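Participant: Pasting in a structure now, in structure tokens, and then I'll have a few things to ask.
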Amino acid sequence: MTRVGVVLFPGSNCEHDVVEAVRALGGEADLLWHGATDVGPVDAVVLPGGFAHGDYLRPGAIARFSPIMAAIERFAADGGAVIGICNGFQILTEARLLPGALQKNRGLTFLCMPVELEVCSTRSVLTWEVAPGQRLRIPINHFEGNYTCDAETLSMLKAEDRVVLRYVDNPNGSVDRIAGICNAEGNVVGLMPHPERASDVLLGSADGATLLRSLLGTAVRPSALAGTDVLAVGAEVAATALA
Amino acid sequence: MLVEVSLRPGIADPQGATIERSLPALGFERVSGVRTGKAIRFSIDADDEAGARGEVDELCRRFLTNPVIEDARVTLAAADQAVRR
Amino acid sequence: MGVGRTSVLSMDTAIARALGLTDDEATAITSLLGREPNHLELAMYAVMWSEHCSYKSSRVHLARLPTEGDHVLVGPGENAGVIDAGDGIAIALRIESHNHPSAIEPYQGAATGVGGILRDIFTMGARPVAVMDPLRFGPLDDARSRWITAGVVSGISGYGNSVGVPTVGGELVFDECYAENPLVNVLCLGVLPVDRLVLGRASGPGNLAVLLGSTTGRDGIGGVSVLASAGFGDDANAEAAKRPNVQVGDPFEEKRLIEACLELLDRHLVVGIQDLGGAGLVCGTSETASRGGVGMDVNVAAVPLREPAMEPFEIMTSESQERMVAIVTPDDLAAVMSCCGKWEVRATVVGRVTTGGSLRILDGWEGEVLADVPAASLHEDAPCYNRPMARPPSLDEAAAAANDPGRLPAPEDCGADLVGMLMDPSWVFRQYDHQLFLNTVVGPGGDAALLRLKAPGAGGGSRERGTSGEPAASSGERASPERGSGERASPERGSAERGSAERGSAERGMALSTDGNGRWCALDPRAGTALVVAESALNVACVGGRPSALVNCLNFGNPEHPEVMWQLSEAVDGMASACRALGIPVIGGNVSLYNESRGRDIDPTPVVAVLGLVDRLTSVPPPVALVDGNEILLVGAQDDPGLGGSLWALTARGHRGGTLAPLDLDLHARLVELVAALVGERVVAGIHDVSDGGLGVALAEMAVQSGVGFTVPAGRLSGHSALFGEGPSRVLMSVAPDRVAAVVGAAVAANVPVSPIGLAGGDRLVVEGLVDLDLADAVASWRTALPRALGVEVGAGAP
């Protein structure tokens, strides 16, 4: 049984949805209060969507200083699977666990709609069991989902096969249609689309369950990813995050 | 203290661009280079200007800005002037 | 003990009038108290006796609505109506208007409207799980209407998304009569375990009133009276002067307040709880006290303030947002404070429950008594007016018949008129999170929203660790493991054993539709309102719901105009007759009067929301769509309803006259039942209720939403009246050829007329002899109509 810890910040709102989706797939899920100083005996951590601390200042800017974040960094550095969905992705970039930043959408409106995604890398914990090039229909739900990074970072992401998901029709103006990226080891993944919202055909799509199943399958055997060849780079990223 | 946070040069600013696009219709033909940002105002208790500036620079780097996309400009004024609203 | 310093002044009639009290009302206050009120007391009566709080003009009529039902747990008069949905689950429902605040500051007006309605719901112990927004604005060729529309939509989006409650539907209507006075109605639905139902009552002398949430500022001082009781002129200065009354919303504060309050209720730490909305602390403290038959001492000096030097009357009437009052026993106070601390919610003891029924305002617990009034008198003794009524002469039957738009010349190109009525509202609802909580099976854009009905629980059954102040998890130890295994979900979705504790009713659903039609109600408020109720019930049936309850938001003009009171009275009677015939109890409502600009009243616009229950929800119901090769059936009324009050007459001819099509409530009840059954059995492939724009628009909407064209053979629709006429009790169904016999058989058995109207398929929209349109052009036109009218980038951010 894979155990997933779902972090609850004041202002998070997708935490129960993630718990429900994980349990429906046979996993075990518990909430982790943001004030906790360790993540406990979990196999994976999910930073869910929402508006942690009201998104005041910048999305994720305040949440990254919560006590749980230091514990999550240690967990990630030890190879634990960490997924940031939407606001969770924003928090991971603010915490420098992932490079780049999420800006306001190109059209300057909030966007809640299903989008078509292309699986670009299968070396992340979220896509390990998915076929490369597979198309997934999963909703987005954000105002600040326009992924931005400098040219150097972008070429690094591409060279290291770290672009996990791309939008087929770029809805928010993201650089290189990026919808999700991972760290060098592939155990830390951030994505703007909400897989838990596509976990059941009754909700319009079950494609998100494909990603969550991969997480549940991979998290119990983190060694599955150890064969990848860019460990050194990733270790450095993790070590410099929030010095 | 006044901290003005703006997007770094080269980072797209759709809000600024939208404002700029709407200006000719209002008769402002000669305005260009519109960039938006936010202003954060606060007081700091420090012995001298250098001390205050050092602390605020650190605050900007760690918290008030996201250096990936944002720059900060810091303006100091002595307490009696700074707090005017 | 006497009453404080201001009592020595004799009551100033001018001040009473300035506060919005009539001279008779001021006299009534003096006789209630047996003395002259002081200024603070006057202000308290003024806000509580305002139209907004007392419904003094409408109460006499509202009493005629049917409110009884076996499943009704809480009817009108409380913070929200509540029904028993079975399986130990209750559903709370409320609708409100935020019209006037939204006219002044669209973003904040709409945002605080959402905030207020959520508090009404979680006050009952329910978790808010869905919001809907029926919106009405002026035409978008006017810059101010565009500004109001865009501002209201971003206010709903900005507040609703952040606070974490999905907005699953609503309406979007543009009409000249709302140009200066938009209608921004907001509905919220919450779910709760039946045994958690709480009412806003104080009890137990010695118990404490704890103010939760935001600090108190001058926002909305007198807002109840000023914002709810004054029309808007076109004087820019007057508007600027009113601006400080607009409240500013903080969705993050509200989100923490929701979580803290639901945790307090879950842990049985509060005796009663009440939100502070219109009339602020005066209302919150006097309502809880008078409902509980007790009194209360309120210490104004204890209220945490946002601004210095606030007067007691300002503190007591402030409408600062995101505040609640909880009644707590002294023994539980420490636990309450700790729970609030965890959620970073400010909590302050501001009052004490007393015997005797007096609401006393104190300056310090042992300090001066600033006001002393019977708490119940603020509610129960509020004036009740039976204002004069008069039928407007323009609605004379002969005049209406002579003015029927059927007499207007037929259009040269029905296709162009049809395209002109198509508008995809998705630019609006894409800005709303409509999927949170994984309940939304049919979101905005369908005939009704359809949600899964899951057993509620503040924590959704999730355990939590690392919570300070939470005994089970404070040590960082794993919470008791035995709970988790019992609740574990089975991997197969929909299997019966799926998380029984958490999802006791995973296979049930609830349907929700909001409807209004000012055009119809202006012609005949009684018949128009009945048509609106009928339509809402049918919409709910179109996603498989059995109509179970109704709430209403009555948006009308100035009640001092006899025509407006006549409209209100007629609308109530129309609603009552339709609700009785369809067996739908009215469980709550809101009245918004003084909707006018420059002395012109809006069209009477009662908006209703019908809630339906779905017994079995295991697949997505048929959408608003055509399927290639299907037969299209018209089920229900078959006659040409005529063009009176139609959208076509207004948009194509600028004409607003005529008579409405008759409503056969018996037929309608049979149709609602038939449609819910056919949808429940999934025997139809697509379905759409026929409403604005008649059969033509309904067919075209099914076509553009599915990308499948249609052909209606020559002679089937005799002319533009049959094509665009609007009447009740009609549904279009797209049915596979091998299912047609079954559907027709079911209709015949139900004594509901049915006839084939055309065939689905191809890439053109064809009504032979009237319409021939290219499907791709129609789709493009439908999709871009709203962004084009708003002047925003067409398809910005759209796929």
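In the structure tokens, chains take the letters A, B, ... in the order shown, each chain's residues start at 1, and ligands count up from 1 in the order shown.
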Compile the contact shell of region 189-206 of chain C as JSON, numbers by chain: residues with an atom at most 8 Å away, counting only C-alpha atoms, same-chain residues fewer than 6 positions apart removed.

Facilitator: {"C": [78, 79, 84, 88, 89, 90, 91, 92, 93, 94, 121, 122, 123, 124, 125, 126, 127, 128, 129, 130, 131, 265, 266, 271, 272, 273, 274, 287, 288, 289, 290, 291, 292, 293, 294, 327, 329, 330, 352, 353, 354, 355, 455, 456, 457]}

Participant: Go ahead and dump the residues you just picked, C-alpha atoms, as a PDB file, in the first residue's frame.

Facilitator:
```pdb
ATOM      1  CA  GLU C  78     -33.418  31.228   8.831  1.00  0.00           C
ATOM      2  CA  ASN C  79     -30.002  31.821   7.290  1.00  0.00           C
ATOM      3  CA  ASP C  84     -33.351  16.158   4.239  1.00  0.00           C
ATOM      4  CA  GLY C  88     -28.368  11.151   6.869  1.00  0.00           C
ATOM      5  CA  ILE C  89     -27.456  13.968   4.495  1.00  0.00           C
ATOM      6  CA  ALA C  90     -29.049  17.398   4.474  1.00  0.00           C
ATOM      7  CA  ILE C  91     -28.712  20.072   1.796  1.00  0.00           C
ATOM      8  CA  ALA C  92     -28.721  23.781   2.643  1.00  0.00           C
ATOM      9  CA  LEU C  93     -29.652  26.313  -0.013  1.00  0.00           C
ATOM     10  CA  ARG C  94     -29.817  30.076  -0.150  1.00  0.00           C
ATOM     11  CA  ILE C 121     -24.509  28.332   4.440  1.00  0.00           C
ATOM     12  CA  PHE C 122     -21.749  27.369   6.837  1.00  0.00           C
ATOM     13  CA  THR C 123     -23.644  29.130   9.610  1.00  0.00           C
ATOM     14  CA  MET C 124     -26.064  26.197   9.300  1.00  0.00           C
ATOM     15  CA  GLY C 125     -23.228  23.729   9.828  1.00  0.00           C
ATOM     16  CA  ALA C 126     -23.004  22.920   6.113  1.00  0.00           C
ATOM     17  CA  ARG C 127     -19.884  22.898   3.992  1.00  0.00           C
ATOM     18  CA  PRO C 128     -20.519  25.145   0.974  1.00  0.00           C
ATOM     19  CA  VAL C 129     -19.943  22.967  -2.096  1.00  0.00           C
ATOM     20  CA  ALA C 130     -21.394  24.953  -4.982  1.00  0.00           C
ATOM     21  CA  VAL C 131     -22.146  28.524  -6.011  1.00  0.00           C
ATOM     22  CA  LEU C 265     -19.086  22.552  14.842  1.00  0.00           C
ATOM     23  CA  ASP C 266     -17.587  19.107  14.257  1.00  0.00           C
ATOM     24  CA  VAL C 271     -23.922  26.345  21.096  1.00  0.00           C
ATOM     25  CA  GLY C 272     -24.985  28.549  18.206  1.00  0.00           C
ATOM     26  CA  ILE C 273     -23.336  30.456  15.419  1.00  0.00           C
ATOM     27  CA  GLN C 274     -24.394  33.382  13.249  1.00  0.00           C
ATOM     28  CA  GLU C 287     -30.919  37.690  16.111  1.00  0.00           C
ATOM     29  CA  THR C 288     -29.124  35.016  18.103  1.00  0.00           C
ATOM     30  CA  ALA C 289     -30.493  36.419  21.351  1.00  0.00           C
ATOM     31  CA  SER C 290     -34.088  36.857  20.232  1.00  0.00           C
ATOM     32  CA  ARG C 291     -34.256  33.446  18.508  1.00  0.00           C
ATOM     33  CA  GLY C 292     -32.982  31.869  21.722  1.00  0.00           C
ATOM     34  CA  GLY C 293     -35.341  33.890  23.913  1.00  0.00           C
ATOM     35  CA  VAL C 294     -32.477  35.411  25.880  1.00  0.00           C
ATOM     36  CA  ILE C 327     -22.025  31.306  21.253  1.00  0.00           C
ATOM     37  CA  THR C 329     -19.878  27.911  26.998  1.00  0.00           C
ATOM     38  CA  PRO C 330     -17.173  29.248  29.330  1.00  0.00           C
ATOM     39  CA  ARG C 352     -22.386  37.530  27.338  1.00  0.00           C
ATOM     40  CA  VAL C 353     -25.741  35.825  27.155  1.00  0.00           C
ATOM     41  CA  THR C 354     -28.105  37.250  29.790  1.00  0.00           C
ATOM     42  CA  THR C 355     -31.600  36.574  31.037  1.00  0.00           C
ATOM     43  CA  ALA C 455     -21.649  12.440   2.380  1.00  0.00           C
ATOM     44  CA  PRO C 456     -20.186  15.591   3.878  1.00  0.00           C
ATOM     45  CA  GLY C 457     -17.581  15.961   6.565  1.00  0.00           C
TER      46      GLY C 457
END
```

Participant: Env of Phe42 (chain B): 8 Å cut, atoms = only C-alpha atoms, seq-sep filter 2 positions within chain, self excluded. Answer as a PyMOL selection string.

Facilitator: chain B and resi 1-2+40+44+83

Participant: As an exercise, work out the distance from CA of Asp71 (chain B) to CA of Phe143 (chain A) in Å and give it to one decimal place.

Facilitator: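 Computing it gives 21.2 Å between the two atoms.
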
Participant: Can you tell me, as a VMD selection string, what residues are no more than 6 Å from region 150-167 of chain A when counting only C-alpha atoms, ignoring any on the same chain fewer than 5 positions away?

Facilitator: chain A and resid 117 to 121 177 to 182

Participant: Write out, as a CSV table (one decimal), in the first residue's frame, the residues just selected, with N, CA and C atoms.

Facilitator:
```csv
chain,number,residue,atom,x,y,z
A,117,LEU,N,-3.0,17.3,-23.2
A,117,LEU,CA,-1.6,17.3,-22.8
A,117,LEU,C,-0.9,16.2,-23.6
A,118,GLU,N,0.4,16.4,-23.8
A,118,GLU,CA,1.3,15.4,-24.4
A,118,GLU,C,2.3,14.9,-23.4
A,119,VAL,N,2.4,13.6,-23.2
A,119,VAL,CA,3.5,13.2,-22.2
A,119,VAL,C,4.8,13.2,-23.0
A,120,CYS,N,5.8,14.0,-22.5
A,120,CYS,CA,7.0,14.2,-23.2
A,120,CYS,C,8.2,13.5,-22.6
A,121,SER,N,8.1,13.3,-21.3
A,121,SER,CA,9.2,12.5,-20.6
A,121,SER,C,8.6,11.5,-19.7
A,177,ARG,N,5.4,25.6,-24.5
A,177,ARG,CA,4.1,24.8,-24.1
A,177,ARG,C,4.3,24.0,-22.9
A,178,ILE,N,5.2,24.4,-22.0
A,178,ILE,CA,5.4,23.5,-20.8
A,178,ILE,C,4.3,23.5,-19.8
A,179,ALA,N,3.8,22.3,-19.5
A,179,ALA,CA,2.7,22.1,-18.5
A,179,ALA,C,3.2,21.5,-17.2
A,180,GLY,N,4.4,20.8,-17.3
A,180,GLY,CA,4.9,20.2,-16.1
A,180,GLY,C,6.4,19.8,-16.3
A,181,ILE,N,7.2,19.9,-15.3
A,181,ILE,CA,8.6,19.6,-15.4
A,181,ILE,C,9.0,18.8,-14.1
A,182,CYS,N,10.2,18.2,-14.2
A,182,CYS,CA,10.7,17.5,-13.0
A,182,CYS,C,12.1,17.9,-12.7
```

Participant: Run DSSP on the backbone of this structure and report the residues of region 108-240 of chain A it assigns to helix (DSSP H, G or I), as an MDAnalysis selection string.

Facilitator: chainID A and resid 151:159 175:177 195:198 201:203 207:219 222:225 231:240

Participant: Go ahead and save the picked residues with N, CA and C atoms, as a tab-separated table (two decimals), in the first residue's frame.

Facilitator:
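Saved as part-v2.tsv:
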```tsv
chain	number	residue	atom	x	y	z
A	151	ALA	N	16.55	31.23	-21.06
A	151	ALA	CA	16.89	30.34	-22.17
A	151	ALA	C	17.80	29.21	-21.71
A	152	GLU	N	18.70	29.56	-20.80
A	152	GLU	CA	19.65	28.56	-20.30
A	152	GLU	C	18.92	27.41	-19.59
A	153	THR	N	17.99	27.81	-18.70
A	153	THR	CA	17.22	26.80	-17.97
A	153	THR	C	16.41	25.94	-18.93
A	154	LEU	N	15.83	26.60	-19.94
A	154	LEU	CA	15.01	25.84	-20.89
A	154	LEU	C	15.85	24.80	-21.63
A	155	SER	N	17.06	25.21	-22.06
A	155	SER	CA	17.86	24.21	-22.78
A	155	SER	C	18.31	23.10	-21.84
A	156	MET	N	18.55	23.44	-20.57
A	156	MET	CA	18.90	22.38	-19.61
A	156	MET	C	17.72	21.41	-19.45
A	157	LEU	N	16.52	21.98	-19.29
A	157	LEU	CA	15.33	21.12	-19.10
A	157	LEU	C	15.17	20.18	-20.28
A	158	LYS	N	15.40	20.73	-21.48
A	158	LYS	CA	15.22	19.89	-22.67
A	158	LYS	C	16.34	18.86	-22.78
A	159	ALA	N	17.58	19.31	-22.53
A	159	ALA	CA	18.72	18.40	-22.67
A	159	ALA	C	18.61	17.24	-21.69
A	175	VAL	N	6.23	29.06	-21.83
A	175	VAL	CA	7.42	28.85	-22.64
A	175	VAL	C	7.42	27.41	-23.15
A	176	ASP	N	7.61	27.24	-24.43
A	176	ASP	CA	7.75	25.90	-25.02
A	176	ASP	C	6.57	25.00	-24.68
A	177	ARG	N	5.38	25.59	-24.46
A	177	ARG	CA	4.14	24.85	-24.14
A	177	ARG	C	4.29	23.98	-22.89
A	195	PRO	N	-4.48	16.31	-12.12
A	195	PRO	CA	-4.81	14.92	-12.42
A	195	PRO	C	-5.98	14.41	-11.59
A	196	GLU	N	-6.11	14.90	-10.35
A	196	GLU	CA	-7.19	14.38	-9.49
A	196	GLU	C	-8.56	14.76	-10.05
A	197	ARG	N	-8.63	15.82	-10.84
A	197	ARG	CA	-9.92	16.22	-11.40
A	197	ARG	C	-10.29	15.38	-12.62
A	198	ALA	N	-9.36	14.58	-13.09
A	198	ALA	CA	-9.64	13.69	-14.22
A	198	ALA	C	-9.42	12.26	-13.76
A	201	VAL	N	-14.42	8.86	-15.11
A	201	VAL	CA	-15.13	9.25	-16.33
A	201	VAL	C	-16.39	10.06	-16.02
A	202	LEU	N	-16.93	9.87	-14.84
A	202	LEU	CA	-18.12	10.62	-14.47
A	202	LEU	C	-17.80	12.13	-14.40
A	203	LEU	N	-16.54	12.46	-14.20
A	203	LEU	CA	-16.13	13.87	-14.14
A	203	LEU	C	-15.62	14.35	-15.49
A	207	ASP	N	-8.19	10.33	-17.41
A	207	ASP	CA	-6.78	10.31	-17.83
A	207	ASP	C	-5.83	10.67	-16.70
A	208	GLY	N	-6.32	11.47	-15.75
A	208	GLY	CA	-5.45	11.86	-14.64
A	208	GLY	C	-5.09	10.68	-13.77
A	209	ALA	N	-5.98	9.71	-13.72
A	209	ALA	CA	-5.71	8.52	-12.91
A	209	ALA	C	-4.48	7.79	-13.43
A	210	THR	N	-4.22	7.90	-14.73
A	210	THR	CA	-3.02	7.29	-15.32
A	210	THR	C	-1.76	7.83	-14.63
A	211	LEU	N	-1.74	9.14	-14.42
A	211	LEU	CA	-0.58	9.76	-13.78
A	211	LEU	C	-0.50	9.36	-12.31
A	212	LEU	N	-1.64	9.41	-11.62
A	212	LEU	CA	-1.63	9.10	-10.19
A	212	LEU	C	-1.26	7.63	-9.97
A	213	ARG	N	-1.71	6.75	-10.87
A	213	ARG	CA	-1.37	5.34	-10.74
A	213	ARG	C	0.14	5.15	-10.87
A	214	SER	N	0.72	5.91	-11.78
A	214	SER	CA	2.17	5.85	-11.95
A	214	SER	C	2.87	6.29	-10.66
A	215	LEU	N	2.35	7.34	-10.06
A	215	LEU	CA	2.93	7.80	-8.79
A	215	LEU	C	2.84	6.71	-7.73
A	216	LEU	N	1.64	6.12	-7.61
A	216	LEU	CA	1.45	5.10	-6.59
A	216	LEU	C	2.34	3.88	-6.86
A	217	GLY	N	2.55	3.59	-8.13
A	217	GLY	CA	3.38	2.45	-8.48
A	217	GLY	C	4.86	2.73	-8.26
A	218	THR	N	5.26	3.95	-8.55
A	218	THR	CA	6.68	4.27	-8.50
A	218	THR	C	7.16	4.60	-7.10
A	219	ALA	N	6.27	5.22	-6.34
A	219	ALA	CA	6.72	5.74	-5.06
A	219	ALA	C	7.17	4.63	-4.12
A	222	PRO	N	11.35	3.60	-5.14
A	222	PRO	CA	12.08	4.75	-5.68
A	222	PRO	C	13.31	4.30	-6.47
A	223	SER	N	13.78	3.08	-6.21
A	223	SER	CA	14.95	2.61	-6.93
A	223	SER	C	14.66	2.47	-8.42
A	224	ALA	N	13.38	2.44	-8.75
A	224	ALA	CA	13.04	2.30	-10.16
A	224	ALA	C	13.67	3.39	-11.01
A	225	LEU	N	13.85	4.55	-10.39
A	225	LEU	CA	14.38	5.67	-11.15
A	225	LEU	C	15.90	5.79	-11.02
A	231	LEU	N	21.96	11.96	-11.92
A	231	LEU	CA	21.82	12.11	-10.47
A	231	LEU	C	22.62	13.27	-9.92
A	232	ALA	N	23.79	13.47	-10.41
A	232	ALA	CA	24.68	14.49	-9.84
A	232	ALA	C	24.07	15.87	-9.96
A	233	VAL	N	23.52	16.18	-11.10
A	233	VAL	CA	22.94	17.50	-11.31
A	233	VAL	C	21.80	17.72	-10.32
A	234	GLY	N	20.97	16.71	-10.20
A	234	GLY	CA	19.81	16.83	-9.33
A	234	GLY	C	20.21	17.03	-7.89
A	235	ALA	N	21.20	16.32	-7.45
A	235	ALA	CA	21.63	16.45	-6.07
A	235	ALA	C	22.04	17.88	-5.78
A	236	GLU	N	22.67	18.50	-6.75
A	236	GLU	CA	23.12	19.87	-6.57
A	236	GLU	C	21.91	20.81	-6.44
A	237	VAL	N	20.94	20.61	-7.30
A	237	VAL	CA	19.74	21.44	-7.25
A	237	VAL	C	19.08	21.33	-5.88
A	238	ALA	N	18.96	20.11	-5.41
A	238	ALA	CA	18.30	19.91	-4.13
A	238	ALA	C	19.09	20.55	-3.00
A	239	ALA	N	20.40	20.47	-3.07
A	239	ALA	CA	21.22	20.97	-1.98
A	239	ALA	C	21.21	22.49	-1.91
A	240	THR	N	21.05	23.15	-3.04
A	240	THR	CA	21.11	24.61	-3.00
A	240	THR	C	19.74	25.23	-2.75
```

Participant: Env of Val74 (chain C): 9 Å cut, atoms = only C-alpha atoms, seq-sep filter 3 positions within chain, self excluded. Answer as a ChimeraX atom specification.

Facilitator: /C:77-78,80-83,92,587-588

Participant: Just the selected residues (C-alpha atoms), exported as a PDB file, in the first residue's frame, please.

Facilitator:
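What ended up in selection10.pdb:
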```pdb
ATOM      1  CA  GLY C  77     -36.656  32.872   7.771  1.00  0.00           C
ATOM      2  CA  GLU C  78     -33.418  31.228   8.831  1.00  0.00           C
ATOM      3  CA  ALA C  80     -30.686  29.132   4.690  1.00  0.00           C
ATOM      4  CA  GLY C  81     -33.344  26.601   3.783  1.00  0.00           C
ATOM      5  CA  VAL C  82     -32.473  22.979   4.492  1.00  0.00           C
ATOM      6  CA  ILE C  83     -33.930  19.730   3.167  1.00  0.00           C
ATOM      7  CA  ALA C  92     -28.721  23.781   2.643  1.00  0.00           C
ATOM      8  CA  ILE C 587     -37.506  26.869   1.411  1.00  0.00           C
ATOM      9  CA  GLY C 588     -36.011  30.345   1.311  1.00  0.00           C
TER      10      GLY C 588
END
```

Participant: Using DSSP on the backbone coordinates, identify all residues within chain B classified as strand (DSSP E or B); present the result as number ranges by chain.

Facilitator: B: 2-7, 37-41, 70-75

Participant: I need the chain A residues near chain C as a VMD selection string; criterion: at most 7 Å, counting only C-alpha atoms.

Facilitator: chain A and resid 10 to 11 13 to 14 16 to 17 23 to 26 30 to 33 35 to 36 50 to 51 53 to 54 107 109 to 113 141 169 171 to 172 197 202 to 203

Participant: Find the residues near Val68 (chain B): any atom within 9 Å, counting only C-alpha atoms, skip ones fewer than 6 places away on the same chain, and give them as a list of chain:residue names.

Facilitator: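 The contact residues come out as A:Pro99, A:Gly100, A:Ala101, A:Thr148, A:Cys149, A:Asp150, B:Arg8.
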
Participant: Taking 2 positions as the minimum chain separation for residues in the same chain, which residues sit within 7 Å of Leu172 (chain C) when counting only C-alpha atoms? Answer as a list in words.

Facilitator: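 Surrounding residues, per the criterion: Pro134, Leu135, Arg136, Gly170 and Phe174 of chain C.
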
Participant: Would you write out, as JSON lines, a table of all residues in chain A that have an atom no more than 12 Å from an atom of chain B, listing for each the closest atom pair and the distance in Å to one decimal, considering only C-alpha atoms and ordering rows by chain and rising residue number?

Facilitator:
```
{"residue": "A:Tyr56", "atom": "CA", "partner": "B:Leu64", "partner_atom": "CA", "distance": 10.7}
{"residue": "A:Leu57", "atom": "CA", "partner": "B:Leu64", "partner_atom": "CA", "distance": 7.2}
{"residue": "A:Arg58", "atom": "CA", "partner": "B:Asn66", "partner_atom": "CA", "distance": 8.3}
{"residue": "A:Pro59", "atom": "CA", "partner": "B:Asn66", "partner_atom": "CA", "distance": 10.4}
{"residue": "A:Gly60", "atom": "CA", "partner": "B:Asn66", "partner_atom": "CA", "distance": 10.3}
{"residue": "A:Ala61", "atom": "CA", "partner": "B:Phe63", "partner_atom": "CA", "distance": 6.7}
{"residue": "A:Ile62", "atom": "CA", "partner": "B:Phe63", "partner_atom": "CA", "distance": 7.8}
{"residue": "A:Ala63", "atom": "CA", "partner": "B:Phe63", "partner_atom": "CA", "distance": 10.8}
{"residue": "A:Arg64", "atom": "CA", "partner": "B:Phe63", "partner_atom": "CA", "distance": 9.7}
{"residue": "A:Phe65", "atom": "CA", "partner": "B:Phe63", "partner_atom": "CA", "distance": 9.2}
{"residue": "A:Gln90", "atom": "CA", "partner": "B:Asn66", "partner_atom": "CA", "distance": 11.2}
{"residue": "A:Ile91", "atom": "CA", "partner": "B:Asn66", "partner_atom": "CA", "distance": 11.5}
{"residue": "A:Thr93", "atom": "CA", "partner": "B:Val68", "partner_atom": "CA", "distance": 9.4}
{"residue": "A:Glu94", "atom": "CA", "partner": "B:Asn66", "partner_atom": "CA", "distance": 7.2}
{"residue": "A:Ala95", "atom": "CA", "partner": "B:Asn66", "partner_atom": "CA", "distance": 10.1}
{"residue": "A:Arg96", "atom": "CA", "partner": "B:Val68", "partner_atom": "CA", "distance": 9.9}
{"residue": "A:Leu98", "atom": "CA", "partner": "B:Val68", "partner_atom": "CA", "distance": 11.6}
{"residue": "A:Pro99", "atom": "CA", "partner": "B:Val68", "partner_atom": "CA", "distance": 8.6}
{"residue": "A:Gly100", "atom": "CA", "partner": "B:Val68", "partner_atom": "CA", "distance": 6.4}
{"residue": "A:Ala101", "atom": "CA", "partner": "B:Val68", "partner_atom": "CA", "distance": 6.5}
{"residue": "A:Leu102", "atom": "CA", "partner": "B:Ile69", "partner_atom": "CA", "distance": 9.1}
{"residue": "A:Gln103", "atom": "CA", "partner": "B:Ile69", "partner_atom": "CA", "distance": 8.4}
{"residue": "A:Lys104", "atom": "CA", "partner": "B:Pro14", "partner_atom": "CA", "distance": 8.1}
{"residue": "A:Asn105", "atom": "CA", "partner": "B:Pro14", "partner_atom": "CA", "distance": 8.3}
{"residue": "A:Arg106", "atom": "CA", "partner": "B:Pro14", "partner_atom": "CA", "distance": 6.2}
{"residue": "A:Gly107", "atom": "CA", "partner": "B:Pro14", "partner_atom": "CA", "distance": 7.6}
{"residue": "A:Leu108", "atom": "CA", "partner": "B:Pro14", "partner_atom": "CA", "distance": 7.1}
{"residue": "A:Thr109", "atom": "CA", "partner": "B:Gln15", "partner_atom": "CA", "distance": 10.7}
{"residue": "A:Asn146", "atom": "CA", "partner": "B:Ala12", "partner_atom": "CA", "distance": 10.4}
{"residue": "A:Tyr147", "atom": "CA", "partner": "B:Ile69", "partner_atom": "CA", "distance": 10.8}
{"residue": "A:Thr148", "atom": "CA", "partner": "B:Ile69", "partner_atom": "CA", "distance": 8.0}
{"residue": "A:Cys149", "atom": "CA", "partner": "B:Val68", "partner_atom": "CA", "distance": 7.2}
{"residue": "A:Asp150", "atom": "CA", "partner": "B:Val68", "partner_atom": "CA", "distance": 8.2}
{"residue": "A:Ala151", "atom": "CA", "partner": "B:Gly10", "partner_atom": "CA", "distance": 11.3}
{"residue": "A:Thr153", "atom": "CA", "partner": "B:Val68", "partner_atom": "CA", "distance": 10.7}
{"residue": "A:Asn172", "atom": "CA", "partner": "B:Pro14", "partner_atom": "CA", "distance": 11.2}
{"residue": "A:Gly173", "atom": "CA", "partner": "B:Ala12", "partner_atom": "CA", "distance": 10.0}
{"residue": "A:Ser174", "atom": "CA", "partner": "B:Ala12", "partner_atom": "CA", "distance": 10.9}
{"residue": "A:Val175", "atom": "CA", "partner": "B:Ala12", "partner_atom": "CA", "distance": 10.9}
{"residue": "A:Ala241", "atom": "CA", "partner": "B:Arg62", "partner_atom": "CA", "distance": 11.9}
{"residue": "A:Leu242", "atom": "CA", "partner": "B:Arg62", "partner_atom": "CA", "distance": 9.2}
{"residue": "A:Ala243", "atom": "CA", "partner": "B:Arg62", "partner_atom": "CA", "distance": 10.6}
```

Participant: If we count only C-alpha atoms and set the cut-off at 12 Å, which residues sit around Leu732 (chain C), ignoring sequence neighbours fewer than 2 positions away in its own chain? Please answer as an MDAnalysis selection string.

Facilitator: chainID C and resid 447 538:539 542 622:626 630:638 671 675 684:691 694:703 729:730 734:735 743 754:760
